[in-house]
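The file work-v5.txt comes next; it holds compact mmCIF, C-alpha atoms.
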```txt
# COMPACT_ATOMS: atom_id res chain seq x y z
CA MET J 3 117.01 98.82 124.70
CA LEU J 4 113.92 98.54 126.87
CA SER J 5 114.04 96.04 129.67
CA ASN J 6 110.26 95.79 129.87
CA PRO J 7 108.67 97.17 126.69
CA ASP J 8 105.17 96.11 127.69
CA ASN J 9 105.26 98.65 130.53
CA ALA J 10 107.25 101.35 128.72
CA SER J 11 106.35 104.97 129.35
CA ALA J 12 105.79 107.42 126.51
CA GLU J 13 109.32 108.70 127.11
CA ASP J 14 110.75 105.21 126.72
CA ALA J 15 108.54 104.49 123.72
CA ALA J 16 110.07 107.47 121.97
CA GLY J 17 113.56 106.18 122.65
CA THR J 18 114.57 108.93 125.10
CA SER J 19 115.82 109.06 128.64
CA ASN J 20 116.08 112.81 129.33
CA GLY J 21 112.48 113.88 128.70
CA GLN J 22 113.29 115.34 125.28
CA LEU J 23 111.73 113.93 122.14
CA PRO J 24 114.26 112.37 119.73
CA SER J 25 115.75 114.18 116.76
CA THR J 26 116.01 112.74 113.26
CA GLU J 27 119.74 113.33 112.81
CA GLN J 28 120.74 109.68 113.26
CA ARG J 29 118.57 108.70 110.32
CA ASP J 30 119.14 111.74 108.11
CA PRO J 31 122.14 110.55 106.02
CA ALA J 32 120.32 107.45 104.76
CA TYR J 33 117.09 109.40 104.33
CA PHE J 34 118.61 112.12 102.16
CA SER J 35 120.68 109.61 100.17
CA TYR J 36 117.48 107.77 99.31
CA TYR J 37 115.74 110.90 98.01
CA ALA J 38 118.80 111.96 96.02
CA MET J 39 118.15 109.06 93.63
CA LEU J 40 116.19 109.74 90.46
CA GLN J 41 114.47 106.36 90.56
CA HIS J 42 112.77 107.27 93.85
CA GLN J 43 111.79 110.71 92.57
CA GLN J 44 110.41 109.02 89.47
CA ASN J 45 108.30 106.69 91.60
CA MET J 46 106.64 109.73 93.18
CA LEU J 47 106.31 111.69 89.94
CA GLN J 48 104.62 108.74 88.23
CA ASP J 49 102.03 108.56 90.99
CA THR J 50 99.40 110.32 88.90
CA VAL J 51 96.99 110.73 91.82
CA ARG J 52 99.65 112.54 93.86
CA THR J 53 101.13 114.65 91.07
CA SER J 54 97.90 115.65 89.34
CA THR J 55 96.21 116.51 92.65
CA TYR J 56 99.03 118.85 93.64
CA ARG J 57 99.02 120.46 90.19
CA SER J 58 95.25 120.96 90.26
CA ALA J 59 95.37 122.43 93.76
CA ILE J 60 98.12 124.87 92.81
CA LEU J 61 96.75 125.95 89.43
CA LEU J 62 93.13 126.26 90.53
CA ASN J 63 94.21 128.47 93.43
CA GLY J 64 96.73 130.37 91.34
CA PRO J 65 94.86 133.70 91.26
CA THR J 66 94.60 133.98 95.07
CA CYS J 67 97.59 132.03 96.41
CA PHE J 68 100.34 132.02 93.76
CA HIS J 69 100.00 134.79 91.18
CA ASP J 70 102.71 137.41 91.83
CA LYS J 71 103.41 135.77 95.21
CA LEU J 72 106.55 134.64 97.02
CA VAL J 73 106.45 130.87 97.43
CA LEU J 74 108.51 128.46 99.54
CA ASP J 75 108.81 124.79 98.49
CA VAL J 76 109.92 122.70 101.49
CA GLY J 77 111.71 119.47 100.58
CA ALA J 78 111.51 120.32 96.90
CA GLY J 79 112.91 117.00 95.62
CA SER J 80 112.70 116.99 91.83
CA GLY J 81 111.29 120.53 91.96
CA ILE J 82 107.93 119.61 90.47
CA LEU J 83 105.89 121.68 92.95
CA SER J 84 108.15 124.68 92.33
CA TYR J 85 107.53 124.34 88.59
CA PHE J 86 103.77 124.15 89.18
CA ALA J 87 103.96 127.28 91.34
CA VAL J 88 105.65 129.17 88.49
CA GLN J 89 102.98 127.88 86.09
CA ALA J 90 100.43 129.36 88.52
CA GLY J 91 102.13 132.77 88.26
CA ALA J 92 104.51 132.87 91.25
CA ARG J 93 106.84 135.86 91.28
CA LYS J 94 109.65 133.92 92.99
CA VAL J 95 109.98 130.38 94.40
CA TYR J 96 112.52 129.39 97.04
CA ALA J 97 113.10 125.66 96.54
CA VAL J 98 114.70 124.14 99.64
CA GLU J 99 116.12 120.63 99.24
CA ALA J 100 118.71 119.06 101.57
CA SER J 101 119.72 116.09 99.41
CA GLN J 102 121.93 116.00 96.32
CA MET J 103 118.73 116.11 94.29
CA ALA J 104 119.18 119.89 94.57
CA GLN J 105 122.13 119.61 92.18
CA LYS J 106 120.01 117.69 89.69
CA MET J 107 117.25 120.27 89.96
CA LYS J 108 119.87 122.94 89.32
CA LYS J 109 120.52 121.46 85.87
CA ILE J 110 116.90 122.13 84.90
CA ILE J 111 117.02 125.66 86.30
CA ASP J 112 120.39 126.44 84.69
CA ALA J 113 118.97 125.46 81.28
CA ALA J 114 115.91 127.62 81.94
CA ASN J 115 118.09 130.62 82.82
CA LEU J 116 119.98 130.58 79.52
CA PRO J 117 119.07 133.25 76.95
CA SER J 118 115.80 132.22 75.36
CA ASP J 119 117.42 131.95 71.92
CA HIS J 120 120.19 129.67 73.19
CA LYS J 121 120.03 126.23 71.60
CA MET J 122 120.32 124.57 75.04
CA ALA J 123 117.57 126.66 76.64
CA LYS J 124 114.68 124.61 78.04
CA ASN J 125 111.62 125.41 80.17
CA VAL J 126 112.05 129.12 79.54
CA PHE J 127 108.91 129.84 81.62
CA LEU J 128 111.10 129.09 84.67
CA LYS J 129 113.71 131.72 83.79
CA ASP J 130 114.79 133.74 86.85
CA LYS J 131 111.84 132.39 88.84
CA ILE J 132 113.38 129.73 91.12
CA GLU J 133 116.18 129.96 93.66
CA ILE J 134 117.50 126.57 94.80
CA ILE J 135 118.74 126.36 98.37
CA GLN J 136 120.50 123.11 99.27
CA ALA J 137 119.91 122.90 103.01
CA LYS J 138 117.56 121.63 105.65
CA ILE J 139 114.80 124.14 106.27
CA GLU J 140 115.79 124.17 109.95
CA GLU J 141 119.32 125.44 109.28
CA PRO J 142 119.97 128.99 110.55
CA ASP J 143 120.28 132.11 108.42
CA LEU J 144 118.76 130.76 105.21
CA PRO J 145 118.30 133.50 102.58
CA ILE J 146 114.52 133.24 102.58
CA PRO J 147 112.15 136.17 103.21
CA LYS J 148 108.65 135.89 104.59
CA VAL J 149 106.52 134.21 101.92
CA ASP J 150 102.86 134.24 100.91
CA THR J 151 102.49 130.50 100.31
CA ILE J 152 104.29 127.32 101.34
CA VAL J 153 103.99 124.16 99.26
CA SER J 154 105.36 120.79 100.28
CA GLU J 155 104.87 117.08 99.90
CA PRO J 156 105.92 116.06 103.43
CA ILE J 157 103.80 112.93 103.55
CA GLY J 158 104.79 109.36 104.39
CA VAL J 159 103.00 106.10 105.11
CA LEU J 160 99.97 106.73 107.37
CA LEU J 161 100.57 110.45 106.75
CA ILE J 162 103.23 110.80 109.48
CA HIS J 163 106.09 108.40 108.61
CA GLU J 164 109.42 110.14 107.82
CA ARG J 165 108.62 113.11 110.11
CA MET J 166 108.81 115.63 107.27
CA LEU J 167 105.63 117.23 108.58
CA GLU J 168 107.77 118.71 111.35
CA SER J 169 109.83 120.57 108.74
CA PHE J 170 106.61 121.78 107.12
CA LEU J 171 105.44 123.20 110.46
CA TYR J 172 108.85 124.74 111.15
CA ALA J 173 108.70 126.53 107.81
CA ARG J 174 105.17 127.69 108.59
CA ASP J 175 106.23 129.20 111.92
CA LYS J 176 109.41 130.85 110.61
CA PHE J 177 108.72 131.93 107.04
CA LEU J 178 104.97 132.23 106.41
CA LYS J 179 103.42 135.68 106.45
CA PRO J 180 100.36 136.17 108.71
CA GLY J 181 97.35 134.87 106.82
CA GLY J 182 99.58 133.01 104.36
CA ASN J 183 98.68 129.76 102.63
CA LEU J 184 99.72 126.15 103.20
CA PHE J 185 99.43 123.46 100.53
CA PRO J 186 98.29 120.96 101.77
CA ALA J 187 96.07 122.43 104.49
CA THR J 188 94.85 119.35 106.35
CA GLY J 189 95.61 115.65 106.66
CA MET J 190 93.08 113.08 107.85
CA ILE J 191 94.14 109.67 109.19
CA HIS J 192 91.62 106.86 108.79
CA LEU J 193 91.60 103.62 110.78
CA ALA J 194 89.34 100.57 110.46
CA PRO J 195 89.38 96.93 111.67
CA PHE J 196 90.11 94.25 109.08
CA THR J 197 90.14 90.49 108.76
CA ASP J 198 92.78 88.51 106.85
CA ALA J 199 93.41 84.99 108.13
CA ALA J 200 95.96 84.21 105.40
CA LEU J 201 98.08 87.27 106.21
CA TRP J 202 97.96 86.59 109.94
CA THR J 203 98.81 82.91 109.46
CA ASP J 204 101.72 83.75 107.16
CA THR J 205 103.11 86.16 109.74
CA MET J 206 102.65 83.62 112.53
CA GLY J 207 104.45 81.04 110.40
CA LYS J 208 107.50 83.28 110.21
CA ALA J 209 107.55 83.57 114.01
CA ARG J 210 107.09 79.82 114.48
CA PHE J 211 110.40 79.19 112.72
CA TRP J 212 111.99 80.26 115.99
CA GLU J 213 109.86 77.80 117.95
CA GLN J 214 112.00 74.87 116.75
CA ASN J 215 113.82 72.94 119.46
CA SER J 216 116.19 71.12 117.13
CA PHE J 217 117.31 73.24 114.18
CA TYR J 218 120.43 71.39 113.05
CA GLY J 219 120.70 70.27 116.65
CA VAL J 220 120.16 73.77 118.11
CA ASP J 221 117.15 74.76 120.24
CA LEU J 222 115.95 78.16 118.99
CA SER J 223 112.82 78.36 121.13
CA ALA J 224 114.26 80.91 123.57
CA LEU J 225 113.84 83.46 120.76
CA TYR J 226 110.25 82.58 119.87
CA ASN J 227 108.58 85.34 121.89
CA ASP J 228 111.07 87.89 120.55
CA ALA J 229 110.36 86.72 117.01
CA LYS J 230 106.62 86.99 117.52
CA ASP J 231 106.96 90.52 118.89
CA GLU J 232 109.16 91.47 115.93
CA MET J 233 107.05 89.91 113.18
CA PHE J 234 103.77 91.30 114.48
CA GLY J 235 105.37 94.67 115.25
CA MET J 236 106.12 95.31 111.57
CA PRO J 237 103.48 97.37 109.74
CA ILE J 238 102.48 95.82 106.43
CA VAL J 239 102.42 98.31 103.55
CA GLY J 240 100.45 97.49 100.43
CA SER J 241 97.01 97.69 98.90
CA PHE J 242 94.37 95.35 100.26
CA ASP J 243 90.85 94.24 99.46
CA PRO J 244 88.47 96.80 101.03
CA ARG J 245 85.94 93.99 101.45
CA THR J 246 88.09 92.68 104.31
CA LEU J 247 87.12 95.69 106.44
CA ILE J 248 84.82 94.69 109.29
CA ALA J 249 83.64 98.25 109.92
CA SER J 250 83.90 101.64 108.26
CA SER J 251 86.44 104.19 109.40
CA THR J 252 85.28 107.15 111.47
CA PRO J 253 83.66 109.68 109.10
CA GLY J 254 86.11 112.49 108.45
CA GLY J 255 88.99 110.58 110.00
CA TYR J 256 91.36 112.06 112.58
CA ALA J 257 92.04 115.55 111.26
CA ILE J 258 95.43 117.26 111.55
CA ASP J 259 95.11 120.94 110.64
CA PHE J 260 98.49 122.08 109.34
CA TYR J 261 97.53 125.72 109.90
CA THR J 262 97.06 125.29 113.66
CA ILE J 263 98.73 122.13 115.00
CA THR J 264 101.86 122.66 117.09
CA LEU J 265 105.08 120.70 116.80
CA SER J 266 104.64 119.10 120.21
CA GLU J 267 101.07 118.06 119.37
CA LEU J 268 102.34 116.31 116.25
CA GLN J 269 105.08 114.44 118.11
CA ASP J 270 102.83 112.62 120.57
CA PHE J 271 99.13 112.23 119.87
CA VAL J 272 96.28 109.75 120.32
CA ILE J 273 93.69 108.78 117.71
CA PRO J 274 90.51 107.56 119.44
CA PHE J 275 88.04 105.40 117.57
CA VAL J 276 84.63 103.78 117.89
CA TRP J 277 83.53 101.37 115.20
CA GLN J 278 80.36 99.34 114.81
CA SER J 279 81.01 95.92 113.33
CA SER J 280 79.09 95.23 110.13
CA TYR J 281 79.78 91.51 110.35
CA THR J 282 80.43 88.62 112.68
CA GLY J 283 84.04 87.66 112.23
CA ILE J 284 87.63 87.86 113.44
CA ILE J 285 89.58 91.10 113.72
CA HIS J 286 93.18 90.42 112.68
CA GLY J 287 94.34 94.01 112.90
CA ILE J 288 93.87 97.71 112.17
CA ALA J 289 94.07 99.12 108.65
CA GLY J 290 95.16 102.71 108.05
CA TRP J 291 95.27 105.27 105.25
CA PHE J 292 94.96 109.05 104.89
CA ASP J 293 93.36 111.89 102.96
CA LEU J 294 94.75 115.32 102.09
CA HIS J 295 92.80 118.55 101.71
CA PHE J 296 94.18 121.56 99.85
CA ALA J 297 92.70 125.01 100.47
CA PRO J 298 93.82 128.62 100.92
CA SER J 299 94.19 130.08 104.39
CA PRO J 300 90.84 130.60 106.14
CA LEU J 301 92.08 134.13 106.88
CA GLY J 302 92.53 135.01 103.22
CA LEU J 303 90.51 135.15 100.03
CA PRO J 304 88.35 132.13 99.18
CA GLY J 305 89.68 129.59 96.75
CA THR J 306 89.07 126.09 95.45
CA GLY J 307 89.24 123.12 97.80
CA ILE J 308 90.84 119.97 96.40
CA ASP J 309 90.84 116.55 98.07
CA MET J 310 92.98 113.44 97.64
CA THR J 311 92.52 110.05 99.27
CA THR J 312 94.66 106.93 99.65
CA SER J 313 91.63 104.85 100.64
CA PRO J 314 91.58 101.17 99.58
CA LEU J 315 88.40 102.07 97.67
CA ALA J 316 90.21 104.65 95.54
CA GLU J 317 92.84 104.59 92.80
CA ARG J 318 96.20 103.35 94.07
CA THR J 319 98.96 105.71 95.10
CA HIS J 320 102.62 105.05 95.89
CA TRP J 321 101.72 105.39 99.60
CA GLN J 322 99.17 102.55 99.33
CA GLN J 323 97.76 101.58 102.76
CA VAL J 324 99.18 100.07 105.94
CA ARG J 325 97.94 97.23 108.15
CA LEU J 326 98.85 96.66 111.78
CA LEU J 327 98.42 93.02 112.81
CA LEU J 328 97.33 91.98 116.29
CA LYS J 329 99.40 89.24 117.90
CA GLU J 330 96.13 87.67 119.01
CA PRO J 331 93.01 88.13 116.85
CA LEU J 332 89.79 89.39 118.40
CA ALA J 333 86.32 87.96 117.78
CA VAL J 334 83.41 90.31 117.21
CA ASN J 335 79.69 89.92 116.52
CA ALA J 336 77.74 91.95 114.00
CA GLY J 337 76.47 95.13 115.58
CA GLN J 338 78.96 95.21 118.44
CA LEU J 339 80.90 98.36 119.19
CA ILE J 340 84.69 98.25 118.99
CA ARG J 341 86.31 101.04 121.01
CA GLY J 342 89.93 101.97 121.33
CA TRP J 343 92.84 104.27 120.59
CA LEU J 344 96.08 104.41 118.63
CA ARG J 345 98.93 106.37 120.18
CA CYS J 346 101.67 107.78 117.92
CA VAL J 347 104.99 108.90 119.46
CA VAL J 348 107.99 110.05 117.42
CA ASN J 349 111.24 108.09 117.44
CA GLU J 350 114.76 108.83 116.20
CA MET J 351 114.30 106.73 113.06
CA ARG J 352 112.34 109.48 111.31
CA SER J 353 109.15 107.72 112.21
CA TYR J 354 106.78 106.80 115.03
CA ASN J 355 106.28 104.12 117.62
CA LEU J 356 102.65 103.02 117.61
CA GLU J 357 100.60 101.42 120.35
CA ALA J 358 96.92 100.55 120.26
CA GLU J 359 94.28 99.08 122.48
CA LEU J 360 90.89 97.93 121.28
CA VAL J 361 88.03 96.39 123.20
CA VAL J 362 84.73 94.82 122.25
CA GLY J 363 81.45 95.42 124.03
CA ASP J 364 81.50 96.65 127.63
CA CYS J 365 85.13 95.71 128.29
CA TYR J 366 87.10 98.40 130.18
CA LEU J 367 89.25 100.55 127.88
CA SER J 368 92.44 101.60 129.66
CA PRO J 369 93.97 105.07 129.09
CA PRO J 370 96.73 105.45 126.47
CA ASN J 371 99.36 106.40 129.05
CA ALA J 372 98.65 103.44 131.35
CA PRO J 373 100.23 99.97 131.27
CA GLU J 374 98.10 97.13 130.00
CA PRO J 375 95.85 95.79 132.77
CA LEU J 376 97.29 92.74 134.49
CA THR J 377 93.91 91.01 134.51
CA LYS J 378 93.35 89.18 131.24
CA ASP J 379 90.16 90.11 129.41
CA TYR J 380 89.41 88.16 126.27
CA ASN J 381 87.59 91.16 124.79
CA ARG J 382 90.71 93.38 124.94
CA ARG J 383 93.82 93.50 122.74
CA ARG J 384 96.93 95.69 123.15
CA SER J 385 99.70 95.72 120.52
CA LYS J 386 102.76 97.77 119.51
CA TRP J 387 104.38 98.51 116.17
CA GLN J 388 107.34 100.51 114.85
CA LEU J 389 106.20 102.41 111.79
CA HIS J 390 109.71 102.48 110.28
CA GLU J 391 110.07 98.68 110.41
CA GLN J 392 107.81 98.18 107.42
CA THR J 393 107.30 95.01 105.47
CA TYR J 394 105.42 94.82 102.18
CA ASN J 395 102.59 92.80 100.71
CA TYR J 396 101.63 93.47 97.10
CA SER J 397 99.50 90.37 96.54
CA TYR J 398 96.13 92.11 96.09
CA TYR J 399 94.89 92.89 92.60
CA PRO J 400 91.25 93.92 92.15
CA GLN J 401 89.15 91.49 90.12
CA PRO J 402 86.29 93.34 88.42
CA ASP J 403 82.93 91.77 87.68
CA VAL J 404 83.48 88.82 90.00
CA THR J 405 80.61 87.75 92.23
CA PHE J 406 81.64 88.22 95.85
CA ARG J 407 80.05 87.35 99.16
CA PRO J 408 81.31 88.43 102.61
CA GLU J 409 81.58 84.82 103.74
CA TYR J 410 84.39 84.36 101.23
CA ASN J 411 86.42 86.45 103.70
CA CYS J 412 84.96 84.59 106.70
CA LEU J 413 82.68 87.54 107.46
CA TYR J 414 79.05 86.80 108.23
CA GLU J 415 76.17 89.22 107.74
CA PRO J 416 73.49 89.60 110.43
CA GLU J 417 70.02 88.35 109.58
CA GLN J 418 68.54 91.72 110.59
CA SER J 419 69.80 95.16 109.56
CA LEU J 420 71.90 97.08 112.08
CA ASP J 421 71.34 100.51 113.55
CA VAL J 422 74.38 102.52 112.47
CA THR J 423 76.32 104.48 115.08
CA VAL J 424 77.72 107.64 113.53
CA VAL J 425 80.87 109.20 114.98
CA VAL J 426 81.91 112.52 113.47
CA GLY J 427 85.41 113.95 113.15
CA ASN J 428 87.83 113.70 116.05
CA ASP J 429 85.10 113.85 118.71
CA ILE J 430 84.00 110.60 120.30
CA GLU J 431 81.70 110.34 123.30
CA GLN J 432 83.97 108.60 125.76
CA ASP J 433 84.84 108.82 129.41
CA PRO J 434 87.41 111.68 129.41
CA SER J 435 89.50 109.74 131.90
CA VAL J 436 90.04 107.14 129.20
CA LEU J 437 91.05 109.44 126.36
```
What do you get writing this file as structure tokens?
Amino acid sequence: MLSNPDNASAEDAAGTSNGQLPSTEQRDPAYFSYYAMLQHQQNMLQDTVRTSTYRSAILLNGPTCFHDKLVLDVGAGSGILSYFAVQAGARKVYAVEASQMAQKMKKIIDAANLPSDHKMAKNVFLKDKIEIIQAKIEEPDLPIPKVDTIVSEPIGVLLIHERMLESFLYARDKFLKPGGNLFPATGMIHLAPFTDAALWTDTMGKARFWEQNSFYGVDLSALYNDAKDEMFGMPIVGSFDPRTLIASSTPGGYAIDFYTITLSELQDFVIPFVWQSSYTGIIHGIAGWFDLHFAPSPLGLPGTGIDMTTSPLAERTHWQQVRLLLKEPLAVNAGQLIRGWLRCVVNEMRSYNLEAELVVGDCYLSPPNAPEPLTKDYNRRRSKWQLHEQTYNYSYYPQPDVTFRPEYNCLYEPEQSLDVTVVVGNDIEQDPSVL
């Protein structure tokens, strides 16, 4: 437990004391038990955006990346990506799954491997095509050769939750042939400021329970600050009204190239941002979502690029979006720049500790590895969240053909049009000492 979390170093934030980043082993039993359940696999399979995008990416790139190729499926789950790979012409698929779901997948493969005229034979197109390996991909001496293509769905909330991307990268480094293919190829994290007074007030109300000084004769107020830190440190997962966004996310998002990123780069990274406010209003927090891009290796033959988004403007997925509430909202005027960063550091709960600072106008933006300035500036906010301590809000349902005005969300348009500041990709013109 941290004695002074507000001044915690990156090492402390990751939950370590020896300079080494934490492993996932403490969390693994619960994690793999969860994914051994058919109801959770069904939830993912019925996400038509997810499943159809993967199938399209695999089949459309079948001639160059799958036909007569050796394929590795990392974290195979129900096996659906392995089955798609065979449909695309794979010569052999090695399906690696650590949970007991591997035994359920085996029932499908055993039926496929029966003689084709057997009355119990099913999915005969899979016959002798898939080898199931029940293990973590990191275990030594797995019977897997170098492969031409790796497929995986290693994605969690905000792209990085669950830390399965690390297994994806491990498989890339150990089993992928030079010039081999990764599906997906790139992930892009998007962040944008949002306003939601009702959500913030509801969260504050939960914390204020602990402000009582006579709850059945007991004074609980000593726990109020702890309760506020806890309630506002819980990311809120769920779809939300995109009209609550005060500014657009950075075009292109923060790109993570799965072909080139290293494991250490994935375990501790900073997402910088610069937004221009479209409205006058109150920033209650930071909203986040991600995109995926599927494409063959840039070193190989050309193929077909396929994109998927979990944007609040797009069709819903089982990942939905996530919102990170500020403990103290921040006022902004239309046209003002909002600068800042979000730091993501792995923890032992198969997730990340998050910390962000955002400033309005000319306020000094402190570096990500520095403690929050002692001098209070009312144009600066610094907050922390634990990505694994998620809470859920499913109250938003789009209402088509309803007249809407920004002021309904307490957002106020400027009388004159704004000059738009465009920030491209991961590059933001900032003082390098800050980022």
J:Leu327, J:Phe127, J:Gly255, J:Val51 ranked by distance to Ala200 (chain J), top pick (using all atoms listed in the file): J:Leu327
Contact residues around region 151-161 of chain J with all atoms listed in the file at 9 Å, ignoring same-chain residues under 6 positions, as number ranges by chain: J: 56, 60, 67-68, 71-78, 83-84, 87, 167-170, 173-174, 177-179, 182-186, 189-192, 239, 290-294, 298, 321-324, 389
Determine, counting all atoms listed in the file, which protein, DNA and RNA residues have an atom within 10 Å of an atom of Phe34 (chain J); residues of the same chain fewer than 4 positions away are not included. Present the result as a JSON list (two decimals) with C-alpha atoms, in the frame of the given file.
```
[["chain", "number", "residue", "atom", "x", "y", "z"],
["J", 29, "ARG", "CA", 118.57, 108.70, 110.32],
["J", 30, "ASP", "CA", 119.14, 111.74, 108.11],
["J", 38, "ALA", "CA", 118.80, 111.96, 96.02],
["J", 39, "MET", "CA", 118.15, 109.06, 93.63],
["J", 79, "GLY", "CA", 112.91, 117.00, 95.62],
["J", 99, "GLU", "CA", 116.12, 120.63, 99.24],
["J", 100, "ALA", "CA", 118.71, 119.06, 101.57],
["J", 101, "SER", "CA", 119.72, 116.09, 99.41],
["J", 102, "GLN", "CA", 121.93, 116.00, 96.32],
["J", 103, "MET", "CA", 118.73, 116.11, 94.29]]
```
8 Å contact set for Trp212 (chain J), only C-alpha atoms, chain neighbours under 6 positions out, as a ChimeraX atom specification: /J:222-226,229
Residue nearest Met236 (chain J) - candidates J:Lys329, J:His42, J:Arg165, J:Arg407, atoms counted: only C-alpha atoms: J:Lys329
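Using all atoms listed in the file, the protein and nucleic acid residues lying no more than 7 Å from Pro244 (chain J), apart from those fewer than 2 places from it along its own chain, are Phe242, Thr246, Leu247, Pro314 and Leu315 of chain J.
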Surrounding residues of Pro331 (chain J) excluding itself and chain neighbours under 3 positions, 9 Å, all atoms listed in the file, as number ranges by chain: J: 197, 202, 284-287, 327-328, 383
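CA of Gly342 (chain J) sits 25.9 Å away from CA of Ala316 (chain J).
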Point-to-point distance from CA of Glu359 (chain J) to CA of Arg382 (chain J), Å rounded to tenths: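 CA of Arg382 (chain J) lies 7.2 Å from CA of Glu359 (chain J).
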One-decimal distance in Å that lies between CA of Ser397 (chain J) and CA of Gln214 (chain J): 28.4 Å
